[in-house]
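Student: File query-v1.txt below, compact mmCIF, C-alpha atoms:
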```txt
# COMPACT_ATOMS: atom_id res chain seq x y z
CA THR A 1 0.00 0.00 0.00
CA ILE A 2 1.33 3.44 -1.00
CA THR A 3 0.17 6.12 1.41
CA THR A 4 -0.18 9.70 0.10
CA PRO A 5 -1.67 12.92 1.54
CA HIS A 6 -4.75 12.33 -0.63
CA GLY A 7 -5.34 8.67 0.14
CA GLU A 8 -3.92 5.19 -0.23
CA ILE A 9 -3.09 3.23 -3.37
CA ARG A 10 -3.40 -0.54 -3.04
CA THR A 11 -0.95 -2.23 -5.37
CA PRO A 12 -0.61 -3.52 -7.94
CA ALA A 13 -2.64 -0.69 -9.47
CA PHE A 14 -3.16 0.82 -12.90
CA ILE A 15 -2.93 4.62 -12.86
CA PRO A 16 -4.88 6.21 -15.75
CA VAL A 17 -3.26 9.16 -17.50
CA GLY A 18 -4.73 12.66 -17.55
CA THR A 19 -1.92 14.29 -19.52
CA LYS A 20 -3.09 17.91 -19.31
CA ALA A 21 -4.91 17.56 -15.96
CA SER A 22 -7.75 15.72 -17.72
CA VAL A 23 -8.31 12.12 -18.74
CA LYS A 24 -9.30 12.72 -22.35
CA ALA A 25 -13.09 12.72 -22.84
CA VAL A 26 -13.81 11.49 -19.28
CA LEU A 27 -14.95 13.49 -16.21
CA PRO A 28 -12.94 13.05 -12.97
CA GLY A 29 -16.09 11.78 -11.23
CA ALA A 30 -16.43 9.04 -13.82
CA MET A 31 -12.81 8.00 -13.23
CA ALA A 32 -13.57 7.61 -9.52
CA ASP A 33 -16.71 5.60 -10.30
CA LEU A 34 -14.81 3.14 -12.49
CA GLY A 35 -12.32 2.44 -9.70
CA ALA A 36 -9.25 4.52 -10.57
CA GLN A 37 -7.18 4.95 -7.39
CA ALA A 38 -4.94 7.75 -8.71
CA LEU A 39 -4.31 9.77 -11.87
CA LEU A 40 -1.08 10.82 -13.59
CA ALA A 41 -0.53 14.14 -15.38
CA ASN A 42 2.39 15.40 -17.45
CA ALA A 43 4.78 18.08 -16.22
CA TYR A 44 5.95 19.06 -19.72
CA HIS A 45 2.45 19.77 -21.03
CA LEU A 46 1.24 21.55 -17.89
CA TYR A 47 4.42 23.64 -17.74
CA LEU A 48 3.73 24.88 -21.28
CA GLN A 49 -0.02 25.27 -20.76
CA PRO A 50 -1.48 26.73 -18.57
CA GLY A 51 1.76 27.09 -16.52
CA ALA A 52 2.80 25.46 -13.25
CA ASP A 53 2.18 28.71 -11.35
CA ILE A 54 -1.53 28.53 -12.25
CA LEU A 55 -1.86 25.06 -10.71
CA ASP A 56 0.07 26.20 -7.63
CA GLU A 57 -2.32 29.11 -7.19
CA ALA A 58 -5.28 26.73 -7.59
CA GLY A 59 -3.99 24.57 -4.73
CA GLY A 60 -2.24 21.90 -6.79
CA LEU A 61 -3.11 19.43 -9.52
CA GLY A 62 -5.87 17.60 -7.63
CA ALA A 63 -7.71 20.76 -6.61
CA PHE A 64 -7.28 22.25 -10.10
CA MET A 65 -8.91 19.27 -11.84
CA ASN A 66 -11.36 18.43 -9.03
CA TRP A 67 -9.80 15.02 -8.38
CA PRO A 68 -9.77 14.22 -4.63
CA GLY A 69 -7.49 11.17 -4.82
CA PRO A 70 -3.72 10.69 -5.17
CA THR A 71 -1.93 12.21 -8.16
CA PHE A 72 1.34 11.60 -10.02
CA THR A 73 3.31 13.85 -12.37
CA ASP A 74 6.09 12.57 -14.59
CA SER A 75 9.18 14.74 -15.00
CA GLY A 76 8.59 15.82 -18.59
CA GLY A 77 11.76 14.05 -19.71
CA PHE A 78 9.94 11.68 -22.05
CA GLN A 79 8.15 14.47 -23.92
CA VAL A 80 11.21 16.71 -24.09
CA MET A 81 13.18 13.89 -25.75
CA SER A 82 10.45 12.23 -27.86
CA LEU A 83 8.93 15.43 -29.19
CA GLY A 84 12.42 16.87 -29.47
CA SER A 85 13.43 14.06 -31.82
CA GLY A 86 10.25 14.42 -33.85
CA PHE A 87 8.86 11.04 -32.80
CA LYS A 88 5.67 12.60 -31.39
CA LYS A 89 4.00 10.35 -28.81
CA VAL A 90 5.62 7.01 -29.49
CA ILE A 91 9.28 6.02 -29.45
CA THR A 92 10.09 2.87 -31.35
CA MET A 93 10.88 -0.16 -29.21
CA ASP A 94 12.71 -2.02 -31.99
CA VAL A 95 16.50 -2.28 -31.89
CA PRO A 96 17.87 -1.11 -35.25
CA VAL A 97 20.69 -3.12 -36.78
CA ASP A 98 22.83 0.01 -37.11
CA ALA A 99 22.48 1.22 -33.49
CA ASP A 100 26.25 1.35 -33.00
CA LYS A 101 27.01 3.13 -36.28
CA ALA A 102 28.18 6.74 -36.43
CA GLY A 103 25.30 9.20 -36.28
CA ALA A 104 22.80 6.81 -34.67
CA ASP A 105 22.67 8.91 -31.50
CA ASP A 106 21.56 11.97 -33.44
CA ARG A 107 18.76 10.21 -35.31
CA VAL A 108 15.48 12.11 -35.63
CA ALA A 109 12.17 11.07 -37.14
CA VAL A 110 12.02 11.21 -40.94
CA GLY A 111 11.22 14.70 -42.21
CA LYS A 112 11.49 16.31 -38.77
CA GLU A 113 13.94 18.73 -37.20
CA ARG A 114 15.48 18.18 -33.77
CA LEU A 115 13.69 20.38 -31.23
CA ALA A 116 15.75 19.37 -28.19
CA SER A 117 19.47 19.53 -27.41
CA ILE A 118 20.98 18.03 -24.29
CA ASP A 119 24.05 18.90 -22.25
CA ASP A 120 25.32 17.87 -18.83
CA ASP A 121 23.39 20.65 -17.11
CA GLY A 122 20.00 20.08 -18.74
CA VAL A 123 18.01 20.33 -21.97
CA TRP A 124 17.09 23.15 -24.32
CA PHE A 125 13.87 22.43 -26.19
CA LYS A 126 11.32 24.16 -28.37
CA SER A 127 7.64 24.08 -27.48
CA HIS A 128 5.63 21.85 -29.81
CA LEU A 129 2.82 24.42 -29.41
CA ASN A 130 4.46 27.59 -30.70
CA GLY A 131 8.19 26.99 -31.13
CA ASP A 132 9.24 29.03 -28.08
CA ARG A 133 12.58 27.97 -26.59
CA HIS A 134 12.65 26.58 -23.03
CA ARG A 135 15.19 25.17 -20.60
CA PHE A 136 14.69 22.16 -18.31
CA THR A 137 17.29 21.21 -15.71
CA PRO A 138 16.86 18.86 -12.75
CA GLU A 139 16.25 21.91 -10.57
CA ILE A 140 13.68 23.42 -12.92
CA SER A 141 11.83 20.09 -13.21
CA MET A 142 11.64 19.90 -9.42
CA GLN A 143 10.44 23.52 -9.18
CA VAL A 144 7.76 22.89 -11.81
CA GLN A 145 6.59 19.66 -10.17
CA HIS A 146 6.48 21.21 -6.71
CA GLN A 147 4.22 23.91 -8.12
CA LEU A 148 2.06 21.27 -9.84
CA GLY A 149 1.67 19.70 -6.40
CA ALA A 150 1.18 16.00 -7.20
CA ASP A 151 1.53 13.46 -4.40
CA ILE A 152 4.19 11.53 -6.33
CA MET A 153 6.62 13.03 -8.83
CA PHE A 154 9.59 11.75 -10.81
CA ALA A 155 13.20 12.86 -10.99
CA PHE A 156 14.34 14.45 -14.27
CA ASP A 157 16.15 11.89 -16.38
CA GLU A 158 17.44 11.56 -19.91
CA LEU A 159 15.33 9.26 -22.02
CA THR A 160 17.35 7.15 -24.42
CA THR A 161 15.93 4.86 -27.08
CA LEU A 162 17.01 1.49 -28.38
CA MET A 163 18.42 3.42 -31.35
CA ASN A 164 21.20 4.84 -29.18
CA SER A 165 24.64 3.25 -29.17
CA ARG A 166 26.04 1.38 -26.17
CA GLY A 167 28.56 4.17 -25.63
CA TYR A 168 25.85 6.80 -25.51
CA GLN A 169 23.74 4.69 -23.13
CA GLU A 170 26.70 4.64 -20.68
CA GLU A 171 27.21 8.39 -20.97
CA SER A 172 23.50 9.06 -20.53
CA LEU A 173 23.23 6.77 -17.50
CA GLU A 174 25.92 8.74 -15.67
CA ARG A 175 24.21 12.00 -16.61
CA THR A 176 20.90 10.69 -15.21
CA ARG A 177 22.68 9.55 -12.01
CA LEU A 178 24.13 13.02 -11.45
CA TRP A 179 20.78 14.61 -12.26
CA ALA A 180 19.14 12.33 -9.68
CA LEU A 181 21.42 13.72 -6.97
CA ARG A 182 20.57 17.26 -8.05
CA CYS A 183 16.84 16.43 -8.03
CA ILE A 184 17.06 15.13 -4.46
CA ALA A 185 18.93 18.23 -3.27
CA GLU A 186 16.45 20.61 -4.90
CA HIS A 187 13.48 18.51 -3.70
CA GLU A 188 14.74 18.75 -0.10
CA ARG A 189 15.22 22.52 -0.43
CA LEU A 190 11.73 23.04 -1.88
CA THR A 191 10.09 20.72 0.66
CA ALA A 192 11.50 22.84 3.49
CA GLU A 193 10.60 26.08 1.73
CA ARG A 194 7.04 24.94 0.96
CA SER A 195 6.22 23.38 4.33
CA HIS A 196 2.66 24.76 4.06
CA ARG A 197 2.04 22.19 1.30
CA PRO A 198 1.59 18.42 1.81
CA TYR A 199 4.76 16.33 1.35
CA GLN A 200 5.38 15.20 -2.21
CA ALA A 201 7.11 11.85 -2.73
CA LEU A 202 9.99 11.74 -5.21
CA PHE A 203 10.69 8.68 -7.38
CA GLY A 204 14.02 8.13 -9.15
CA VAL A 205 13.93 6.84 -12.74
CA ILE A 206 15.87 3.74 -13.78
CA GLN A 207 17.30 3.80 -17.31
CA GLY A 208 19.81 1.50 -19.04
CA ALA A 209 17.89 0.29 -22.12
CA GLN A 210 18.39 -3.43 -22.87
CA TYR A 211 21.75 -3.82 -21.10
CA GLU A 212 21.81 -5.93 -17.93
CA ASP A 213 24.91 -4.30 -16.42
CA LEU A 214 23.55 -0.79 -17.02
CA ARG A 215 20.08 -1.58 -15.61
CA ARG A 216 21.64 -3.20 -12.54
CA LYS A 217 24.07 -0.29 -12.06
CA ALA A 218 21.28 2.31 -12.35
CA SER A 219 19.10 0.35 -9.91
CA ALA A 220 21.94 -0.02 -7.38
CA ASP A 221 23.04 3.63 -7.73
CA LEU A 222 19.58 5.16 -7.41
CA GLY A 223 18.43 2.50 -4.96
CA ALA A 224 21.08 3.75 -2.53
CA MET A 225 19.76 7.33 -2.81
CA ASP A 226 17.04 8.87 -0.66
CA PHE A 227 14.14 8.33 -3.07
CA ASP A 228 10.62 7.41 -1.94
CA GLY A 229 10.18 4.97 -4.83
CA PHE A 230 11.33 4.29 -8.37
CA GLY A 231 10.09 4.58 -11.91
CA ILE A 232 11.36 2.04 -14.40
CA GLY A 233 11.55 3.83 -17.72
CA GLY A 234 13.24 4.11 -21.04
CA ALA A 235 13.03 1.85 -24.03
CA LEU A 236 12.15 -1.72 -23.12
CA GLU A 237 12.06 -4.49 -25.71
CA LYS A 238 8.66 -6.09 -25.24
CA GLU A 239 9.96 -9.64 -25.38
CA ASN A 240 12.56 -8.85 -22.70
CA LEU A 241 10.32 -6.80 -20.41
CA GLY A 242 10.19 -9.41 -17.63
CA THR A 243 13.92 -10.05 -17.75
CA ILE A 244 14.79 -6.34 -17.58
CA LEU A 245 12.32 -5.77 -14.75
CA GLY A 246 13.82 -8.71 -12.91
CA TRP A 247 17.31 -7.18 -13.10
CA CYS A 248 15.96 -3.93 -11.63
CA SER A 249 13.94 -5.65 -8.91
CA ASP A 250 17.01 -7.65 -7.83
CA GLU A 251 18.87 -4.42 -7.05
CA LEU A 252 16.14 -2.05 -5.83
CA PRO A 253 15.02 -1.85 -2.16
CA GLU A 254 12.14 -4.22 -1.46
CA ASP A 255 10.30 -1.75 0.77
CA LYS A 256 9.89 1.02 -1.83
CA PRO A 257 7.32 1.02 -4.66
CA ARG A 258 8.25 0.58 -8.33
CA HIS A 259 6.28 2.26 -11.09
CA LEU A 260 6.52 0.89 -14.64
CA LEU A 261 6.11 3.84 -16.99
CA GLY A 262 3.88 3.64 -20.06
CA ILE A 263 2.46 0.08 -19.88
CA SER A 264 -1.13 -1.15 -20.28
CA GLU A 265 -1.24 -4.20 -22.60
CA PRO A 266 -2.56 -7.25 -20.70
CA ASP A 267 0.54 -9.42 -21.25
CA ASP A 268 2.83 -6.55 -20.21
CA LEU A 269 0.79 -5.88 -17.06
CA PHE A 270 0.97 -9.51 -15.92
CA THR A 271 4.68 -9.66 -16.78
CA GLY A 272 5.23 -6.44 -14.82
CA ILE A 273 3.37 -7.65 -11.75
CA GLU A 274 5.16 -11.00 -11.86
CA ASN A 275 8.54 -9.28 -11.91
CA GLY A 276 8.07 -6.75 -9.15
CA ALA A 277 6.28 -3.69 -10.58
CA ASP A 278 3.65 -2.14 -8.30
CA THR A 279 1.99 0.57 -10.39
CA PHE A 280 1.58 1.26 -14.11
CA ASP A 281 0.38 4.12 -16.30
CA CYS A 282 -0.48 4.44 -19.98
CA VAL A 283 -2.49 6.69 -22.30
CA SER A 284 -3.47 3.76 -24.52
CA PRO A 285 -6.98 2.98 -23.13
CA THR A 286 -8.30 6.44 -24.08
CA ARG A 287 -6.12 6.87 -27.18
CA VAL A 288 -7.42 3.71 -28.85
CA ALA A 289 -10.98 4.57 -27.72
CA ARG A 290 -10.89 7.70 -29.87
CA ASN A 291 -10.34 5.39 -32.86
CA SER A 292 -13.32 3.19 -31.82
CA ALA A 293 -11.22 0.35 -30.33
CA PHE A 294 -12.58 -1.33 -27.22
CA TYR A 295 -11.18 -4.07 -24.98
CA THR A 296 -12.93 -7.38 -24.45
CA PRO A 297 -11.79 -10.56 -22.67
CA ASP A 298 -11.33 -11.98 -26.20
CA GLY A 299 -9.08 -9.20 -27.50
CA ARG A 300 -9.37 -5.66 -28.81
CA TRP A 301 -12.05 -4.92 -31.43
CA ASN A 302 -13.00 -1.89 -33.52
CA LEU A 303 -16.55 -0.70 -33.00
CA SER A 304 -16.56 1.11 -36.35
CA ASN A 305 -16.86 -2.28 -38.13
CA ALA A 306 -20.16 -2.74 -39.96
CA ARG A 307 -20.96 -5.95 -38.04
CA PHE A 308 -21.77 -3.86 -34.95
CA LYS A 309 -24.44 -1.75 -36.69
CA ARG A 310 -27.27 -3.97 -35.42
CA ASP A 311 -25.55 -5.41 -32.36
CA PHE A 312 -27.75 -4.49 -29.41
CA THR A 313 -25.53 -6.06 -26.73
CA PRO A 314 -23.14 -4.19 -24.39
CA LEU A 315 -19.49 -3.71 -25.33
CA VAL A 316 -18.78 -6.64 -22.97
CA GLU A 317 -21.55 -8.81 -21.52
CA GLY A 318 -21.38 -8.69 -17.72
CA CYS A 319 -19.05 -5.66 -17.55
CA ASP A 320 -20.04 -3.37 -14.66
CA CYS A 321 -18.89 -0.07 -16.21
CA TYR A 322 -21.33 2.79 -16.83
CA THR A 323 -21.13 2.31 -20.60
CA CYS A 324 -21.90 -1.41 -20.61
CA THR A 325 -24.75 -1.07 -18.12
CA HIS A 326 -26.46 1.70 -20.14
CA TYR A 327 -25.61 1.44 -23.86
CA THR A 328 -25.29 -1.00 -26.75
CA ARG A 329 -22.63 -1.58 -29.37
CA ALA A 330 -25.11 -0.46 -32.04
CA TYR A 331 -25.70 2.89 -30.34
CA ILE A 332 -22.01 3.65 -29.79
CA HIS A 333 -21.24 2.45 -33.36
CA HIS A 334 -23.79 5.04 -34.54
CA LEU A 335 -22.22 7.75 -32.37
CA PHE A 336 -18.79 7.02 -33.80
CA LYS A 337 -20.02 7.01 -37.40
CA ALA A 338 -21.93 10.26 -36.73
CA LYS A 339 -18.74 11.78 -35.26
CA GLU A 340 -20.48 12.46 -31.96
CA MET A 341 -17.88 13.26 -29.29
CA VAL A 342 -19.62 11.22 -26.61
CA SER A 343 -18.57 8.04 -28.47
CA ALA A 344 -15.00 8.63 -27.25
CA THR A 345 -16.30 9.22 -23.72
CA LEU A 346 -18.29 6.00 -23.59
CA ILE A 347 -15.55 3.80 -25.06
CA SER A 348 -12.89 5.47 -22.87
CA ILE A 349 -14.90 4.76 -19.70
CA HIS A 350 -15.15 1.10 -20.68
CA ASN A 351 -11.47 0.76 -21.64
CA GLU A 352 -10.21 2.40 -18.44
CA ARG A 353 -12.51 0.20 -16.34
CA PHE A 354 -11.31 -2.90 -18.23
CA VAL A 355 -7.62 -2.23 -17.47
CA VAL A 356 -8.19 -1.00 -13.90
CA ARG A 357 -10.27 -4.11 -13.13
CA MET A 358 -7.71 -6.45 -14.72
CA VAL A 359 -5.00 -5.17 -12.36
CA ASP A 360 -7.43 -5.19 -9.42
CA ASP A 361 -8.20 -8.85 -10.21
CA ALA A 362 -4.46 -9.58 -10.29
CA ARG A 363 -4.09 -7.98 -6.86
CA ALA A 364 -6.90 -10.13 -5.46
CA ALA A 365 -5.32 -13.22 -7.07
CA LEU A 366 -1.97 -12.42 -5.45
CA GLU A 367 -3.72 -12.24 -2.09
CA ASP A 368 -5.49 -15.59 -2.47
CA GLY A 369 -2.63 -17.42 -4.21
CA THR A 370 -4.24 -17.83 -7.64
CA PHE A 371 -2.15 -15.33 -9.65
CA TYR A 372 -0.71 -17.81 -12.14
CA GLU A 373 -4.09 -19.40 -12.79
CA LEU A 374 -5.60 -15.96 -13.45
CA LYS A 375 -2.69 -15.02 -15.72
CA ALA A 376 -3.08 -18.19 -17.81
CA ASP A 377 -6.85 -17.74 -18.06
CA VAL A 378 -6.84 -14.01 -18.94
CA LEU A 379 -3.95 -14.08 -21.42
CA GLY A 380 -4.96 -17.41 -22.96
CA ARG A 381 -8.36 -15.97 -23.81
CA TYR A 382 -7.29 -12.42 -24.72
CA TYR A 383 -4.62 -13.53 -27.21
CA ALA A 384 -6.48 -16.56 -28.58
```
Show me this structure written as structure tokens.
Tutor:
Amino acid sequence: TITTPHGEIRTPAFIPVGTKASVKAVLPGAMADLGAQALLANAYHLYLQPGADILDEAGGLGAFMNWPGPTFTDSGGFQVMSLGSGFKKVITMDVPVDADKAGADDRVAVGKERLASIDDDGVWFKSHLNGDRHRFTPEISMQVQHQLGADIMFAFDELTTLMNSRGYQEESLERTRLWALRCIAEHERLTAERSHRPYQALFGVIQGAQYEDLRRKASADLGAMDFDGFGIGGALEKENLGTILGWCSDELPEDKPRHLLGISEPDDLFTGIENGADTFDCVSPTRVARNSAFYTPDGRWNLSNARFKRDFTPLVEGCDCYTCTHYTRAYIHHLFKAKEMVSATLISIHNERFVVRMVDDARAALEDGTFYELKADVLGRYYA
């Protein structure tokens, strides 16, 4: 159990993402109704718009968005690097064959310009909104996140991808280690200065890509620091997710929570839980909902398909979410075809409930000793 000033989080738990202080298309009250224990927002986006000072004045992220429960903010490092390299929202998780060739570390997305440049002190980047130039350092990230006021925040780290060379991964890991120390120092200073605010927990971020020695070194180095928990981040090859998590879990303190960043696929969730991850976040449930995709125990389907036009059953028979207890596939199919915005709301509510409940079921199975049976049943059916 993770205890925060705004309530407890029973783990394992899935933490839905409200990037800009809003889960896309879903009201905060609906997120509480579907069982979300906490929400995660993004420091980069909120720093650019409306500004961290606005949230501070409002009383913090939770008060600003009318969410009474625990909140997380990530450091902004992912967006600074991914948007800065022109890769938008997704960074490839495939290892290119030329990763160690000259120039691989400066690769940007095809047809894009690099919007971010990194040095040992921090990162210069251009806003994806208007092109304005900004500076993030470990200290600035901590100042921004203290103003945002989430219960749990993450240290500023450098995101590398599987495209980067081994030499660059080593250099980056040391930079992230030094930044972690600076984050802790600034966090302690701000905590003392802002004693009128509730304590904010600080999680260090473990990088190291696909290399065992680097992941173990990062976990040992940051595990020895005064962090409240840890985020496991960076590029992770899907097929090696459990192995990489296992390396990190071997080295990290057992009494501090571990958050796996950016994960929501059923097989990845079960692999994460099995290998020591406590909490997870991902934008995927709402992102795919906006393209009419909905989760079922038998896999992910697209509601825009013509076969749903006269299907007067719920998205999933027996699902207890608001959408499934009130509406049919035919109705939501119509909404999507008619470009009615509420279609995204209804599918998003269902998808978030589906993932939250899956992790809740895994937690219950851990408690009663049936985790592996549940894993075999859920994954066997979902991927059949």
Student: Determine the nearest neighbour of A:Ile244 from the options A:Ala209, A:Met142, A:Ala30, A:Ala218, counting only C-alpha atoms.
Tutor: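 Looking only at the distances to A:Ile244, the closest residue turns out to be A:Ala209.
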Student: Just want the 12 Å neighbourhood of A:Arg307, counted on only C-alpha atoms, with same-chain residues fewer than 3 positions away dropped. Output as a PyMOL selection string.
Tutor: chain A and resi 301-304+310-312+329-330+333-334
Student: Mind giving me the axis-aligned box for stretch 196-200 of chain A with 8 Å on every side, centre plus edges in Å to one decimal, as AutoDock Vina command-line options?
Tutor:
```
--center_x 3.5 --center_y 20.0 --center_z 0.9 --size_x 19.8 --size_y 25.6 --size_z 22.3
```
Student: Contacts of A:Arg177 at 10 Å or less, counting all atoms listed in the file, minus same-chain residues fewer than 6 places along, as a PyMOL selection string?
Tutor: chain A and resi 156-158+183+204-207+217-218+221-222+225
Student: To one decimal place, how far is atom CA of A:Phe154 from atom CA of A:Ser249 in Å?
Tutor: 18.0 Å
Student: Taking 6 positions as the minimum chain separation for residues in the same chain, which residues sit within 9 Å of A:Pro314 when counting all atoms listed in the file? Answer as a PyMOL selection string.
Tutor: chain A and resi 323-330
Student: As an exercise, work out the distance from atom CA of A:Lys337 to atom CA of A:Ser284 in Å and give it to one decimal place.
Tutor: 21.2 Å
Student: A:Gly131, A:Gly35, A:Gly149, A:Gly60: which is nearest A:Asp320, counting only C-alpha atoms?
Tutor: A:Gly35
Student: Residues proximal to (-17.8, -0.2, -19.2) were defined as those with any atom within 9 Å of that point in the file's coordinates, counting all atoms listed in the file. Which are they, as a VMD selection string?
Tutor: chain A and resid 34 314 to 316 319 to 326 346 to 354
Student: Using only C-alpha atoms, can you tell me which of A:Gly262, A:Pro28, A:Pro138, A:Gly380 comes closest to A:Phe78?
Tutor: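 Among the listed residues, A:Gly262 lies closest to A:Phe78.
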